[in-house]
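Asker: This is the structure I have questions about; it appears just below.
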Amino acid sequence: MDYQFALALALPIGLALAAIGSGLGLGRAVGSAMEAMGRQPEASGKIQTGMIIGAALIEALTIYSLVGFFILSGKIG
Amino acid sequence: MGLEFISRIIRMTLILAVLIALFGSVYYNWQESLGILLGAVWGVLNLYFIKGVIVQVVTPKETQKSLAFILVVVKFPVLYVAGYFLLACGYFSPQSLLIGFSLIFAVAFLKVLGRVLLKMDMIEFKKKQPDGNS
């Protein structure tokens, strides 16, 4: 197995794992925030702010893996 | 620490990115500096659209479903297709784009750290108490 074949095999799998992980993380974060907002509606502003920053961080990780995918896919001949 | 905190993070990131781009283009390399600026704009747009979607969809108040739909439809092409074209055009190095993209998180982290060190949340909480003590 040469390295290009391994790269072609590993890149989509890696990207899919990143997407699955960030989807699960985002779902958990938003679900927990909804629960917290339902319990304490007066604190919804603070919860929302934390949730937005957390969601942006989680999405940023997916974008990092997407950038890595684009960079490395150029090396597949 | 409400939603205006996000707006301040976005404003601060844009100011910082412009300053970095100006100094970098004069003293270092204009392509790398422009890459950092564009990466920062990419990150800012990401956070702005996430904020818009969450505020429109997930609020206890009245929501605007049509605006939320437009934000979701616009967000994904803006994020991924624009990012792809930025990377594919080859003018900017991926490192500079990623540094710019990560700038917003550095700003957010430093702002939160500042609030924690200055105990600003505690001060706001004490101000909200009617007799002034917790």
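Convention: chains lettered A, B, ... in structure tokens order; per-chain residue numbering from 1; ligands numbered from 1 as shown.
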Check which residues of chain A sit at most 12 Å from stretch 110-124 of chain B using only C-alpha atoms, and return one row each with the closest pair of atoms and their distance in Å to one decimal, ordered by chain and rising number, as CSV.
Answerer:
```
residue,atom,partner,partner_atom,distance
A:Lys46,CA,B:Asp121,CA,10.6
A:Thr49,CA,B:Val112,CA,11.5
A:Gly50,CA,B:Val112,CA,10.6
A:Ile53,CA,B:Val112,CA,10.9
```
Asker: Those residues with N, CA, C and O atoms, as a PDB file, in the first residue's frame please?
Answerer:
```
ATOM      1  N   LYS A  46     -27.360  34.343  29.596  1.00  0.00           N
ATOM      2  CA  LYS A  46     -26.019  33.808  29.872  1.00  0.00           C
ATOM      3  C   LYS A  46     -25.834  32.435  29.233  1.00  0.00           C
ATOM      4  O   LYS A  46     -24.782  32.129  28.671  1.00  0.00           O
ATOM      5  N   THR A  49     -25.338  32.791  25.488  1.00  0.00           N
ATOM      6  CA  THR A  49     -24.003  33.271  25.124  1.00  0.00           C
ATOM      7  C   THR A  49     -22.983  32.142  25.176  1.00  0.00           C
ATOM      8  O   THR A  49     -22.195  31.947  24.250  1.00  0.00           O
ATOM      9  N   GLY A  50     -23.040  31.376  26.274  1.00  0.00           N
ATOM     10  CA  GLY A  50     -22.125  30.235  26.392  1.00  0.00           C
ATOM     11  C   GLY A  50     -22.348  29.212  25.297  1.00  0.00           C
ATOM     12  O   GLY A  50     -21.390  28.666  24.736  1.00  0.00           O
ATOM     13  N   ILE A  53     -20.885  30.502  21.895  1.00  0.00           N
ATOM     14  CA  ILE A  53     -19.418  30.381  21.824  1.00  0.00           C
ATOM     15  C   ILE A  53     -19.014  28.913  21.710  1.00  0.00           C
ATOM     16  O   ILE A  53     -18.138  28.543  20.925  1.00  0.00           O
TER      17      ILE A  53
END
```
Asker: Report the closest atom pair, with its distance in Å rounded to one decimal, for each residue of chain A that has an atom no farther than 12 Å from chain B; count only C-alpha atoms, sort by chain and then rising residue number, and write it as CSV.
Answerer:
```
residue,atom,partner,partner_atom,distance
A:Leu26,CA,B:Ile50,CA,11.9
A:Val30,CA,B:Val58,CA,9.3
A:Gly31,CA,B:Val58,CA,10.8
A:Ala33,CA,B:Val58,CA,9.7
A:Met34,CA,B:Val58,CA,8.0
A:Glu35,CA,B:Val58,CA,11.6
A:Met37,CA,B:Pro60,CA,8.4
A:Gly38,CA,B:Pro60,CA,8.9
A:Arg39,CA,B:Pro60,CA,12.0
A:Gln40,CA,B:Pro60,CA,11.1
A:Pro41,CA,B:Pro60,CA,7.6
A:Glu42,CA,B:Pro60,CA,10.0
A:Ala43,CA,B:Gly2,CA,9.4
A:Ser44,CA,B:Thr59,CA,8.1
A:Gly45,CA,B:Gly2,CA,5.0
A:Lys46,CA,B:Gly2,CA,5.4
A:Ile47,CA,B:Gly2,CA,8.5
A:Gln48,CA,B:Leu3,CA,7.6
A:Thr49,CA,B:Leu3,CA,5.8
A:Gly50,CA,B:Gly2,CA,9.1
A:Met51,CA,B:Ile54,CA,8.8
A:Ile52,CA,B:Lys51,CA,6.0
A:Ile53,CA,B:Leu47,CA,7.7
A:Gly54,CA,B:Phe105,CA,10.1
A:Ala55,CA,B:Ile50,CA,7.5
A:Ala56,CA,B:Leu47,CA,5.9
A:Leu57,CA,B:Phe105,CA,7.5
A:Ile58,CA,B:Phe105,CA,11.2
A:Glu59,CA,B:Asn46,CA,8.6
A:Ala60,CA,B:Ser102,CA,8.1
A:Leu61,CA,B:Ser102,CA,10.1
A:Thr62,CA,B:Tyr80,CA,10.5
A:Ile63,CA,B:Tyr80,CA,8.0
A:Tyr64,CA,B:Leu98,CA,7.6
A:Ser65,CA,B:Leu98,CA,11.0
A:Leu66,CA,B:Tyr80,CA,8.7
A:Val67,CA,B:Pro94,CA,7.5
A:Gly68,CA,B:Pro94,CA,8.8
A:Phe69,CA,B:Tyr84,CA,10.5
A:Phe70,CA,B:Leu87,CA,7.6
A:Ile71,CA,B:Pro94,CA,7.8
A:Leu72,CA,B:Pro94,CA,11.3
A:Ser73,CA,B:Ala88,CA,11.1
A:Gly74,CA,B:Ala88,CA,9.6
```
Asker: Could you pull out the residues in chain B that DSSP calls helix (DSSP H, G or I) from the backbone, as a VMD selection string?
Answerer: chain B and resid 4 to 27 30 to 57 65 to 89 94 to 118 120 to 128
Asker: Rank B:Leu37, B:Thr13, B:Trp30, B:Ala21 by their smallest atom-to-atom distance to B:Gly100, using only C-alpha atoms, and report the top residue only.
Answerer: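 Of B:Leu37, B:Thr13, B:Trp30, B:Ala21, the one nearest B:Gly100 is B:Leu37, counting only C-alpha atoms.
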